[in-house]
Every structure is written in C-alpha cells, then in structure tokens.
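Following: one structure in structure tokens, then a few remarks.
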Amino acid sequence: MPWFTTDSPSRVINVALLGNGTVGKEVAQCITERHEELRARSGVAVQLAGVAVGEPSRHPEVPRSLLTTDPYSLATRADVDVVIEAMGGLDPAYPVVSSALESGRPVVTANKELVASYWSQLHKSAAAGHSDFRYEAAVAGAIPLVTPLRQSLSGDRISNFTGILNGTCNYILTAMDIHDQPFDAALQEAIDLGYAEADYARDVKGIDTADKAAILASLSFDTVVDRAAINCEGITNVSITDIRSARDRGHVIKLIASCQRPTHDDDNVPLEIDVRPTAIPRSHPLATVSGATNGIEIEAALAGNLLLCGPGAGGQPTASAILGDLFTVIRNTYA
Ligand SMILES: NC(=O)C1=CN([C@@H]2O[C@H](COP(=O)(O)OP(=O)(O)OC[C@H]3O[C@@H](n4cnc5c(N)ncnc54)[C@H](O)[C@@H]3O)[C@@H](O)[C@H]2O)C=CC1
Ligand SMILES: N[C@@H](CC=O)C(=O)O
C-alpha cells in the first residue's frame, strides 16, 4: 500500500536541491539511487529538477544539466514542486526560501541559523503562500524532535528542556574526556567527519546550539524567541585541566542548552535560554551521550520526562530528517 494516492498514478515531484555539500550530497544520492524503491513505497516519483551550488566544477557526480549557481531562479522555477535548502547561512538562503514559500512552494530546510533568525518572517511567508515549511533537520540531526513538539506533544504542557544539541562540541568534549585528546585535534576530526558548520566558530562558540535552542523554545512554549537576546558561552575556554578536574569529581563537561517555561504566563517575562559548558554528574542521563550524538530531556505535565537521543550531525543522519520532511510535505501538498 503506497503512502499517497494522487490524482495521477505516475505523479512526478520535482525537487530543487539548494546545496550539494555534506548534507545535500546525501539527499541527492538517496533521491537518485533509491528512486525506484521510494516510488514503490510512496506512490510518487521524486526527481531532482536542479541542484544549486557555489562552484559547479566541484560536483562532477551531478549531471551538468542539473547544476546552477543561481538558487533563486531554481527555487522559483515554474516546474519545481518542492525546495530543499541545504546551503546554510542567511544570504541568499533567506530571500530564496521566503520567495519560494510566498510563491506556494513547500520548503524543507536544514538551516538552523535561517530558521532561528527569521522565525516569524518565514512562518508568515509560509502562511501567505499556503506553503508547508519544515525544518526537522535543523535541530539535532536525525532525532525526531521538531515534529513531536509540533504534533505529539502539542496537547501537553512542556515545563522545561535540557539538551546537548551540537555534535561537533560533544565530539570534542568526549575526545578530550575519554582519550585526553587536545581540543584542536578533536575539532579537526569533527570537521573531517562532516559534523562542523562551514564556519566552525558557530559550533565551538555555542552559536549553533543557541540557534537550535531558540527553535526548540519557540515550539515548546508557543512563543517567538528573540534570537539576538540569547547569551551563549561555547567550549573554547574548556581546557583538559577542567575536563580532568570534573572527571576526578565524578562529573563530565557537556555543552548544555536549557530553557524553562516562565512561572507566570506573562508575555512581558522573557524566556531564559541558557547555553554553557556545564559539569554534570556521571549518573545524569545526558552524561552518557557521547561523540556526535545529541540528547535532550523534555519535561511535560502529562508525559513526564522524555529522553530523546541519536545522531546529531553528519550527512546521512541529516538526510534522514530531510527525507522525512520531504515526504511529509508531499503528502500534505500533493496527496
Ligand atoms: N553538516 C551537518 O552535520 C549538518 C548541517 N546542517 C545544516 O545544513 C546546511 C548545509 O550544511 P553542510 O552540508 O554541512 O554545508 P556544506 O558547506 O558542506 O555545503 C553547502 C553547500 O551549499 C552550496 N552553497 C553555499 N552557498 C551557495 C550559494 N550562494 N549558491 C549556491 N550554492 C551555495 C555549496 O556550494 C555547498 O554545495 C547548513 O545550514 C547546516 O547548518 C544541519 C544539520 C547537520
Ligand atoms: N554543526 C552541527 C551540525 C548539525 O546540526 C553540529 O555539530 O551539531
């Protein structure tokens, strides 16, 4: 039984893929190599209409006819049904994604900086164009988190969350703790494994974690978080001595993001989002979350304590979340 029934049994969905780096490459590979399997399972044929990149010569595996350096023209082309944005950054991502949404095209993005910085504007663009807007891949890689917050937990009342939301930082801290590895060597490994942002300062300074925490807080507490107001401290000042001294006390240092619902539901009381390296006891559930894995504890009135863990960075885990969103928007828009 296919996932969708459409007006045409051979419905073709044309996807504009913006970005063919660590994440985009994996998405492109799944769409092309698993085309028949996905068609049999879903009931629609998903194909790449084009791939926007910075330098076409660096992508010999993509047919030249599909490559473009103009993401705006590709995303708003008349034959494009869905846009997947995996370029990163704000420019041109913001004007391209908002135009696609306003013109009625559903958009799936992995770009947390974009979603956190332009939360209200992008949701307004989606509403104006009656377009589905999905960003599961933007927070904690493959862990289903955005969809559970938007759907499964929407009738509950979340009181707080605490999480490890950056794979690069957790990889570095784990390597320093378990292997006594120097910071720079561990960072280089995280970059080589495809975990780090194009500008790795966003990871190690805690900026990426703050973007993700802002998205989670907006979803958890039905509010619009002022991203610019979040103070964050990254892991650049965490030394091997700090790690060893925490270890001697039975603790482990993690980059923790936390947020609590204000005690009074008063719009004037700002949400406090905290991002900082924190020594937690080895018995804490997040203490065993190691390497590029992410983990988040969510406390809700009815559900109680939830602990979600899984691969938080890397091309394949992120592609998993993007493909899930892709089939959700196809189901919502074309089925
Ligand atoms: N690498 C990871 O583990 C994860 C990354 N993400 C997010 O996914 C997005 C992409 O990340 P990566 O694939 O790691 O980055 P990347 O740097 O490996 O790839 C970026 C791609 O976008 C293209 N691009 C950049 N600017 C462009 C422009 N102006 N016009 C056309 N193409 C352009 C580049 O040519 C490249 O193909 C970012 O928003 C990142 O935060 C999200 C979850 C995990
Ligand atoms: N650079 C990010 C990638 C995933 O969001 C990280 O390390 O977590």
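Chain lettering (A, B, ...) mirrors the order of the structure tokens, residue numbering begins at 1 for each chain separately, and ligand numbering begins at 1 in order of display.
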Discussion item. Taking 4 positions as the minimum chain separation for residues in the same chain, which residues sit within 10 Å of Ala185 (chain A) when counting only C-alpha atoms? Answer as a ChimeraX atom specification.
Written reply: /A:172,175-176,181,189-191
Could the residues in this selection be saved with N, CA, C and O atoms as a CSV table (one decimal), in the first residue's frame?
chain,number,residue,atom,x,y,z
A,172,ILE,N,34.1,16.8,20.5
A,172,ILE,CA,35.4,17.4,21.0
A,172,ILE,C,35.5,17.1,22.5
A,172,ILE,O,36.5,16.6,23.0
A,175,ALA,N,36.1,13.4,23.1
A,175,ALA,CA,37.5,13.0,22.8
A,175,ALA,C,38.5,13.6,23.9
A,175,ALA,O,39.4,12.9,24.3
A,176,MET,N,38.2,14.8,24.4
A,176,MET,CA,39.1,15.3,25.4
A,176,MET,C,39.0,14.5,26.7
A,176,MET,O,39.9,14.2,27.4
A,181,GLN,N,42.4,13.8,24.3
A,181,GLN,CA,42.9,14.4,23.0
A,181,GLN,C,42.9,15.9,23.1
A,181,GLN,O,41.9,16.5,23.7
A,189,GLU,N,39.1,16.5,13.6
A,189,GLU,CA,38.4,15.3,13.3
A,189,GLU,C,36.9,15.5,13.0
A,189,GLU,O,36.3,15.0,12.1
A,190,ALA,N,36.3,16.4,13.8
A,190,ALA,CA,34.9,16.7,13.7
A,190,ALA,C,34.7,17.4,12.3
A,190,ALA,O,33.7,17.1,11.6
A,191,ILE,N,35.6,18.2,11.9
A,191,ILE,CA,35.5,18.9,10.6
A,191,ILE,C,35.6,17.8,9.5
A,191,ILE,O,34.8,17.8,8.6
List as a count of residues only the protein and nucleic acid residues lying within 6 Å of ligand 1, with only C-alpha atoms and all ligand atoms counted. 31
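Restricting the calculation to only C-alpha atoms, the smallest distance between Asn170 (chain A) and any of A:His123, A:Arg261, A:Lys25, A:Lys254 is found for A:Lys254.
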Report as a tab-separated table the residues of region 38-148 of chain A within 9 Å of region 220-232 of chain A, each with its shortest atom pair and distance in Å (one decimal), using only C-alpha atoms, ordered by chain and increasing residue number.
residue	atom	partner	partner_atom	distance
A:Ala116	CA	A:Arg227	CA	6.4
A:Ser117	CA	A:Arg227	CA	6.2
A:Trp119	CA	A:Val224	CA	7.3
A:Ser120	CA	A:Val224	CA	7.1
Now that the selection is made, can you save its residues with N, CA and C atoms as an mmCIF file, in the first residue's frame?
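Written file, part-v3.cif:
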data_model
loop_
_atom_site.group_PDB
_atom_site.id
_atom_site.type_symbol
_atom_site.label_atom_id
_atom_site.label_comp_id
_atom_site.auth_asym_id
_atom_site.auth_seq_id
_atom_site.Cartn_x
_atom_site.Cartn_y
_atom_site.Cartn_z
ATOM 1 N N ALA A 116 16.134 30.140 13.000
ATOM 2 C CA ALA A 116 16.168 30.875 14.279
ATOM 3 C C ALA A 116 16.169 32.386 14.049
ATOM 4 N N SER A 117 16.851 32.833 12.997
ATOM 5 C CA SER A 117 16.977 34.285 12.773
ATOM 6 C C SER A 117 15.712 34.896 12.192
ATOM 7 N N TRP A 119 12.417 33.459 12.192
ATOM 8 C CA TRP A 119 11.287 32.598 12.600
ATOM 9 C C TRP A 119 9.943 33.192 12.156
ATOM 10 N N SER A 120 9.658 34.404 12.604
ATOM 11 C CA SER A 120 8.332 34.990 12.317
ATOM 12 C C SER A 120 8.159 35.232 10.829
#
Write out as a count of residues only the residues lying within 8 Å of Ile298 (chain A), counting only C-alpha atoms and excluding same-chain residues fewer than 4 positions away. 8
>> Excluding region 124-135 of chain A and its own-chain neighbours fewer than 2 positions away, which residues fall within 9 Å of it when counting only C-alpha atoms? Please give them as a ChimeraX atom specification.
In response: /A:97-112,115,119-122,137-139,146-147,321-322,325-326,328-329,332-333
Using N, CA and C atoms, can you write the selected residues to a file as a short mmCIF file (atom, residue, chain, number, x, y, z; two decimals), in the first residue's frame?
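And here's out.cif as it stands now:
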data_model
loop_
_atom_site.label_atom_id
_atom_site.label_comp_id
_atom_site.auth_asym_id
_atom_site.auth_seq_id
_atom_site.Cartn_x
_atom_site.Cartn_y
_atom_site.Cartn_z
N VAL A 97 14.37 31.29 0.22
CA VAL A 97 13.36 30.47 0.91
C VAL A 97 12.06 31.26 1.08
N SER A 98 12.16 32.52 1.45
CA SER A 98 10.91 33.27 1.65
C SER A 98 10.17 33.45 0.33
N SER A 99 10.90 33.67 -0.77
CA SER A 99 10.21 33.80 -2.07
C SER A 99 9.56 32.49 -2.48
N ALA A 100 10.27 31.38 -2.26
CA ALA A 100 9.69 30.08 -2.62
C ALA A 100 8.40 29.85 -1.83
N LEU A 101 8.45 30.13 -0.53
CA LEU A 101 7.26 29.91 0.31
C LEU A 101 6.11 30.82 -0.14
N GLU A 102 6.42 32.08 -0.40
CA GLU A 102 5.36 33.02 -0.79
C GLU A 102 4.75 32.65 -2.14
N SER A 103 5.54 31.98 -2.98
CA SER A 103 5.00 31.59 -4.30
C SER A 103 4.32 30.23 -4.25
N GLY A 104 4.11 29.69 -3.04
CA GLY A 104 3.31 28.47 -2.90
C GLY A 104 4.10 27.18 -2.93
N ARG A 105 5.44 27.29 -2.90
CA ARG A 105 6.22 26.05 -2.91
C ARG A 105 6.58 25.64 -1.48
N PRO A 106 6.34 24.36 -1.15
CA PRO A 106 6.78 23.90 0.16
C PRO A 106 8.31 23.90 0.24
N VAL A 107 8.83 24.19 1.42
CA VAL A 107 10.28 24.23 1.62
C VAL A 107 10.66 23.34 2.81
N VAL A 108 11.73 22.57 2.60
CA VAL A 108 12.35 21.78 3.67
C VAL A 108 13.75 22.34 3.85
N THR A 109 14.14 22.67 5.07
CA THR A 109 15.48 23.21 5.28
C THR A 109 16.17 22.55 6.47
N ALA A 110 17.52 22.53 6.40
CA ALA A 110 18.35 22.04 7.50
C ALA A 110 19.04 23.20 8.20
N ASN A 111 18.67 24.42 7.80
CA ASN A 111 19.44 25.61 8.16
C ASN A 111 18.90 26.26 9.45
N LYS A 112 19.51 25.91 10.57
CA LYS A 112 19.03 26.43 11.88
C LYS A 112 19.26 27.91 12.04
N VAL A 115 16.33 29.52 10.27
CA VAL A 115 15.04 29.35 10.95
C VAL A 115 15.01 30.17 12.25
N TRP A 119 12.42 33.46 12.19
CA TRP A 119 11.29 32.60 12.60
C TRP A 119 9.94 33.19 12.16
N SER A 120 9.66 34.40 12.60
CA SER A 120 8.33 34.99 12.32
C SER A 120 8.16 35.23 10.83
N GLN A 121 9.18 35.82 10.21
CA GLN A 121 9.07 36.18 8.80
C GLN A 121 8.82 34.94 7.94
N LEU A 122 9.53 33.84 8.21
CA LEU A 122 9.39 32.65 7.38
C LEU A 122 8.03 31.98 7.60
N ALA A 137 15.40 18.77 10.20
CA ALA A 137 16.85 18.56 10.13
C ALA A 137 17.64 19.69 10.80
N ALA A 138 16.96 20.79 11.09
CA ALA A 138 17.69 21.94 11.65
C ALA A 138 18.06 21.73 13.12
N VAL A 139 17.40 20.81 13.79
CA VAL A 139 17.68 20.61 15.23
C VAL A 139 17.98 19.14 15.50
N VAL A 146 11.40 18.18 16.20
CA VAL A 146 10.51 19.27 15.78
C VAL A 146 9.10 18.72 15.58
N THR A 147 8.98 17.60 14.89
CA THR A 147 7.65 17.04 14.63
C THR A 147 6.97 16.58 15.92
N ALA A 321 16.41 13.09 8.23
CA ALA A 321 15.39 14.05 8.68
C ALA A 321 14.82 14.83 7.49
N ILE A 322 15.67 15.18 6.53
CA ILE A 322 15.19 15.94 5.36
C ILE A 322 14.23 15.09 4.54
N ASP A 325 10.86 14.94 6.12
CA ASP A 325 10.12 16.18 5.87
C ASP A 325 9.64 16.25 4.41
N LEU A 326 10.51 15.79 3.50
CA LEU A 326 10.14 15.84 2.08
C LEU A 326 8.85 15.04 1.84
N THR A 328 6.64 14.24 4.04
CA THR A 328 5.53 14.89 4.76
C THR A 328 4.94 16.03 3.92
N VAL A 329 5.81 16.86 3.33
CA VAL A 329 5.27 17.98 2.55
C VAL A 329 4.60 17.47 1.27
N ASN A 332 1.22 16.30 2.44
CA ASN A 332 0.35 17.43 2.80
C ASN A 332 -0.07 18.25 1.59
N THR A 333 0.79 18.32 0.58
CA THR A 333 0.54 19.23 -0.53
C THR A 333 -0.05 18.54 -1.75
#
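Take CA of Thr76 (chain A) and CA of Val96 (chain A): the distance between them is 8.1 Å.
When DSSP is run on the backbone, the residues of region 44-98 of chain A that fall into strand (DSSP E or B) are Ala45, Val46, Gln47, Leu48, Ala49, Gly50, Val51, Ala52, Leu67, Thr68, Val82, Val83, Ile84 and Glu85 of chain A.
Note that the spacing between CA of His35 (chain A) and CA of Gln47 (chain A) amounts to 7.6 Å.
Nearest residue to Arg276 (chain A) among A:Ser258, A:Ser239, A:Ser42, A:Thr32 is A:Ser258, counting only C-alpha atoms.
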message = Give me, as JSON, numbers by chain, all polymer residues having an atom no more than 9 Å from Leu187 (chain A), counting only C-alpha atoms and skipping those fewer than 6 positions away in the same chain.
response = {"A": [168, 169, 171, 172, 196, 200, 204]}
Counting only C-alpha atoms, closest pick from A:Arg41, A:Pro182, A:Ala16, A:His59 relative to Tyr72 (chain A) is A:Ala16
Min atom-atom distance to ligand 2 from the set A:Asp184, A:Asp242, A:Asp248, A:Asp208, counting only C-alpha atoms and all ligand atoms, belongs to A:Asp208
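Between CA of Leu302 (chain A) and CA of Asp156 (chain A) there is a distance of 6.0 Å.
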